[in-house]
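Here's the structure we're looking at; comments come further down.
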Amino acid sequence: MTPRLEAMHRYPVKGLSPEMLDAAELEVGAWFPADRLYAVENGPSGFDPVAPRHRPKTAFFMLMRHEALARLVTRYETATATLAIMEDGREAARGALGTPEGRAEIEGFLGGYMARTMGGVRHGAPRLLPAPRGHRFTDSPSGFVSIINRASVQAVEDLVGAPVDPLRFRANLALDGLPAWGELDLVGRTLAFPSGAQLTVTARTRRCAATNVDPATGLRDLEIPSTLMRALGHMDCGVYARIDHGGRIASGDRVRVMDEARAALPFA
């Protein structure tokens, strides 16, 4: 069966809510558009914007440790780099992230929110970091585009004995039409879209405790990684991919799985 692109999401601020997209324009060698553009520092992280290097997710606010973040709904306006945060259905904060004043507005709200919901922030006041050019705050240094397989999510439901929202896996692309765990066999293969865009699958995604948090309620109500380890002997679900050919992709696109890439020989 030919896989189908069922849904797309971006996460402009690491650890905060997703935004669904109908279409996206991919660029060669880049990240998924407007994804993980910002992170909220959980006390001094050692991140240097002049010489940016990948930092572990624990350096920033994220659902694995700060599950109350899931109860916030955020919207990012790309044209103005403005972030709005909604709490309980009302706008609680808004800031232009390209300005110190706008970042301070968001930082002040998050500091107060964490104090109310999780007893404060242990390592220092929140600080919002913009990603310098050529950098993103992804969990993996090579995680340019993250992909989840809806059939694997259904298999996880069977293992844990409860409904599992695919948004727990915070992926950019959700595919239908693959067998359960079929995405794990795609490493080294290329996914081709009707526009000519191509993604090469580079690695399996090892899951952390962030998947235990319900993205709607913020409750830590499941044990997904440990269940995967007991049942399957690994904690992998989903894959990472890099963009080898750019182009527009859209929900509903049929995706062709190309043969495994072969290295070019000197005499080829």
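Numbering starts fresh at 1 for the residues of each chain in the structure tokens, the chains themselves are lettered A, B, ... in the order given, and ligands are numbered from 1 as they appear.
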
For stretch 111-185 of chain A versus stretch 36-48 of chain A, which residues have an atom no more than 10 Å away, and what is each residue's nearest atom pair and distance in Å rounded to one decimal, using only C-alpha atoms, chain-then-number order, as a tab-separated table?
residue	atom	partner	partner_atom	distance
A:Val121	CA	A:Asn42	CA	7.4
A:Arg122	CA	A:Gly43	CA	7.8
A:His123	CA	A:Gly43	CA	4.5
A:Gly124	CA	A:Gly43	CA	4.0
A:Ala125	CA	A:Gly43	CA	6.0
A:Pro126	CA	A:Glu41	CA	5.6
A:Arg127	CA	A:Glu41	CA	5.0
A:Leu128	CA	A:Val40	CA	4.4
A:Leu129	CA	A:Ala39	CA	5.3
A:Pro130	CA	A:Tyr38	CA	4.6
A:Ala131	CA	A:Leu37	CA	5.4
A:Pro132	CA	A:Leu37	CA	8.6
A:Arg133	CA	A:Leu37	CA	9.7
A:His135	CA	A:Leu37	CA	8.2
A:Arg136	CA	A:Arg36	CA	5.7
A:Phe137	CA	A:Arg36	CA	5.1
A:Thr138	CA	A:Arg36	CA	6.1
A:Asp139	CA	A:Arg36	CA	9.4

Go ahead and write the residues just picked, C-alpha atoms, as a PDB file, in the first residue's frame.
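So the final result, stored in out-v1.pdb, reads:
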ATOM      1  CA  VAL A 121      11.351  26.611  38.239  1.00  0.00           C
ATOM      2  CA  ARG A 122      14.283  24.931  39.945  1.00  0.00           C
ATOM      3  CA  HIS A 123      17.228  26.049  37.882  1.00  0.00           C
ATOM      4  CA  GLY A 124      16.601  29.746  37.286  1.00  0.00           C
ATOM      5  CA  ALA A 125      14.240  32.183  35.636  1.00  0.00           C
ATOM      6  CA  PRO A 126      12.905  31.163  32.192  1.00  0.00           C
ATOM      7  CA  ARG A 127      14.724  32.741  29.266  1.00  0.00           C
ATOM      8  CA  LEU A 128      13.464  32.499  25.696  1.00  0.00           C
ATOM      9  CA  LEU A 129      16.205  31.741  23.161  1.00  0.00           C
ATOM     10  CA  PRO A 130      15.846  32.357  19.408  1.00  0.00           C
ATOM     11  CA  ALA A 131      17.645  29.823  17.218  1.00  0.00           C
ATOM     12  CA  PRO A 132      20.560  31.436  15.375  1.00  0.00           C
ATOM     13  CA  ARG A 133      20.730  31.003  11.613  1.00  0.00           C
ATOM     14  CA  HIS A 135      20.331  25.977  14.072  1.00  0.00           C
ATOM     15  CA  ARG A 136      17.131  24.492  15.521  1.00  0.00           C
ATOM     16  CA  PHE A 137      16.233  23.298  19.015  1.00  0.00           C
ATOM     17  CA  THR A 138      15.405  19.742  17.975  1.00  0.00           C
ATOM     18  CA  ASP A 139      15.875  16.753  20.273  1.00  0.00           C
TER      19      ASP A 139
END

* Asked: Leaving out A:Glu105 and any residue of its chain fewer than 6 positions from it, which residues lie within 8 Å of it when counting only C-alpha atoms, given as JSON, numbers by chain?
  -> {"A": [93, 94, 95]}

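The space separating atom CA of A:Gly98 from atom CA of A:Ala171 comes to 25.8 Å.
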
* To do: Could you tell me, as a ChimeraX atom specification, which residues of stretch 94-168 of chain A DSSP assigns to strand (DSSP E or B) when given the backbone?
  => /A:94-96,126-130,145-149

Taking N, CA and C atoms for each residue, export the selection above as a PDB file, in the first residue's frame.
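Okay, this is what ended up in result15.pdb:
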ATOM      1  N   ARG A  94       1.167  37.739  25.174  1.00  0.00           N
ATOM      2  CA  ARG A  94       1.486  37.940  23.766  1.00  0.00           C
ATOM      3  C   ARG A  94       2.782  38.740  23.696  1.00  0.00           C
ATOM      4  N   GLY A  95       3.700  38.289  22.846  1.00  0.00           N
ATOM      5  CA  GLY A  95       4.960  39.015  22.718  1.00  0.00           C
ATOM      6  C   GLY A  95       5.592  38.831  21.360  1.00  0.00           C
ATOM      7  N   ALA A  96       6.184  39.899  20.846  1.00  0.00           N
ATOM      8  CA  ALA A  96       6.964  39.836  19.610  1.00  0.00           C
ATOM      9  C   ALA A  96       8.348  39.300  19.970  1.00  0.00           C
ATOM     10  N   PRO A 126      13.005  31.540  33.603  1.00  0.00           N
ATOM     11  CA  PRO A 126      12.905  31.163  32.192  1.00  0.00           C
ATOM     12  C   PRO A 126      13.517  32.245  31.297  1.00  0.00           C
ATOM     13  N   ARG A 127      14.185  31.812  30.245  1.00  0.00           N
ATOM     14  CA  ARG A 127      14.724  32.741  29.266  1.00  0.00           C
ATOM     15  C   ARG A 127      14.475  32.174  27.881  1.00  0.00           C
ATOM     16  N   LEU A 128      13.819  32.962  27.027  1.00  0.00           N
ATOM     17  CA  LEU A 128      13.464  32.499  25.696  1.00  0.00           C
ATOM     18  C   LEU A 128      14.619  32.742  24.732  1.00  0.00           C
ATOM     19  N   LEU A 129      15.052  31.670  24.060  1.00  0.00           N
ATOM     20  CA  LEU A 129      16.205  31.741  23.161  1.00  0.00           C
ATOM     21  C   LEU A 129      15.758  31.591  21.715  1.00  0.00           C
ATOM     22  N   PRO A 130      16.072  32.544  20.844  1.00  0.00           N
ATOM     23  CA  PRO A 130      15.846  32.357  19.408  1.00  0.00           C
ATOM     24  C   PRO A 130      16.965  31.489  18.827  1.00  0.00           C
ATOM     25  N   VAL A 145      13.414  16.558  10.028  1.00  0.00           N
ATOM     26  CA  VAL A 145      11.971  16.340   9.908  1.00  0.00           C
ATOM     27  C   VAL A 145      11.648  15.065  10.684  1.00  0.00           C
ATOM     28  N   SER A 146      10.645  15.123  11.547  1.00  0.00           N
ATOM     29  CA  SER A 146      10.265  13.945  12.315  1.00  0.00           C
ATOM     30  C   SER A 146       8.962  13.377  11.772  1.00  0.00           C
ATOM     31  N   ILE A 147       8.879  12.041  11.745  1.00  0.00           N
ATOM     32  CA  ILE A 147       7.772  11.337  11.105  1.00  0.00           C
ATOM     33  C   ILE A 147       7.229  10.285  12.056  1.00  0.00           C
ATOM     34  N   ILE A 148       5.895  10.205  12.140  1.00  0.00           N
ATOM     35  CA  ILE A 148       5.243   9.157  12.924  1.00  0.00           C
ATOM     36  C   ILE A 148       4.337   8.355  12.003  1.00  0.00           C
ATOM     37  N   ASN A 149       4.195   7.084  12.295  1.00  0.00           N
ATOM     38  CA  ASN A 149       3.358   6.162  11.533  1.00  0.00           C
ATOM     39  C   ASN A 149       2.083   5.907  12.339  1.00  0.00           C
TER      40      ASN A 149
END

What's the 9 Å shell around A:Phe109, counting only C-alpha atoms, without same-chain residues fewer than 3 positions away, as a compact mmCIF listing (two decimals) with C-alpha atoms, in the first residue's frame?
# COMPACT_ATOMS: atom_id res chain seq x y z
CA ILE A 85 -0.30 31.98 24.70
CA ALA A 92 -2.77 35.15 28.80
CA ALA A 93 0.34 36.56 27.09
CA ALA A 104 10.26 39.38 28.52
CA GLU A 105 6.45 39.26 28.31
CA ILE A 106 6.52 35.55 27.46
CA GLY A 112 4.44 32.70 36.90
CA TYR A 113 2.66 29.79 35.26
CA MET A 114 5.29 27.28 36.35

How would you write, as an mmCIF file with C-alpha atoms, in the first residue's frame, the set of residues in stretch 88-251 of chain A that DSSP gives as alpha helix (DSSP H)?
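Done, and the output landed in result-v5.cif:
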data_model
loop_
_atom_site.group_PDB
_atom_site.id
_atom_site.type_symbol
_atom_site.label_atom_id
_atom_site.label_comp_id
_atom_site.auth_asym_id
_atom_site.auth_seq_id
_atom_site.Cartn_x
_atom_site.Cartn_y
_atom_site.Cartn_z
ATOM 1 C CA PRO A 100 13.560 42.087 24.242
ATOM 2 C CA GLU A 101 10.226 43.433 25.515
ATOM 3 C CA GLY A 102 8.243 40.740 23.726
ATOM 4 C CA ARG A 103 10.487 37.962 24.997
ATOM 5 C CA ALA A 104 10.264 39.383 28.524
ATOM 6 C CA GLU A 105 6.454 39.259 28.313
ATOM 7 C CA ILE A 106 6.520 35.551 27.457
ATOM 8 C CA GLU A 107 9.237 34.770 30.008
ATOM 9 C CA GLY A 108 7.311 36.544 32.784
ATOM 10 C CA PHE A 109 4.142 34.627 32.038
ATOM 11 C CA LEU A 110 5.916 31.254 31.896
ATOM 12 C CA GLY A 111 7.730 31.915 35.169
ATOM 13 C CA GLY A 112 4.442 32.703 36.905
ATOM 14 C CA TYR A 113 2.661 29.789 35.265
ATOM 15 C CA MET A 114 5.295 27.284 36.350
ATOM 16 C CA ALA A 115 5.125 28.669 39.894
ATOM 17 C CA ARG A 116 1.359 28.145 39.950
ATOM 18 C CA THR A 117 1.275 24.718 38.338
ATOM 19 C CA MET A 118 4.534 22.995 39.214
ATOM 20 C CA ARG A 150 -0.332 6.126 12.518
ATOM 21 C CA ALA A 151 -0.377 2.301 12.463
ATOM 22 C CA SER A 152 2.460 2.217 15.003
ATOM 23 C CA VAL A 153 0.469 4.565 17.238
ATOM 24 C CA GLN A 154 -2.453 2.141 17.036
ATOM 25 C CA ALA A 155 -0.092 -0.692 17.976
ATOM 26 C CA VAL A 156 1.039 1.360 20.989
ATOM 27 C CA GLU A 157 -2.635 1.677 21.986
ATOM 28 C CA ASP A 158 -2.907 -2.112 22.000
ATOM 29 C CA LEU A 159 0.203 -2.403 24.137
ATOM 30 C CA VAL A 160 -0.828 0.152 26.775
ATOM 31 C CA ILE A 224 4.807 4.366 26.767
ATOM 32 C CA PRO A 225 8.634 4.030 26.615
ATOM 33 C CA SER A 226 8.801 1.411 29.356
ATOM 34 C CA THR A 227 5.906 -0.501 27.778
ATOM 35 C CA LEU A 228 7.684 -0.503 24.416
ATOM 36 C CA MET A 229 10.866 -1.785 26.038
ATOM 37 C CA ARG A 230 9.052 -4.625 27.818
ATOM 38 C CA ALA A 231 7.055 -5.649 24.745
ATOM 39 C CA LEU A 232 9.501 -5.019 21.905
#

* Just give me the gap between atom CA of A:His9 and atom CA of A:Gly218 in Å, one decimal is fine. => 18.7 Å

* Figure out the distance between atom CA of A:Gly252 and atom CA of A:Trp181, please, to one decimal in Å. => 20.9 Å
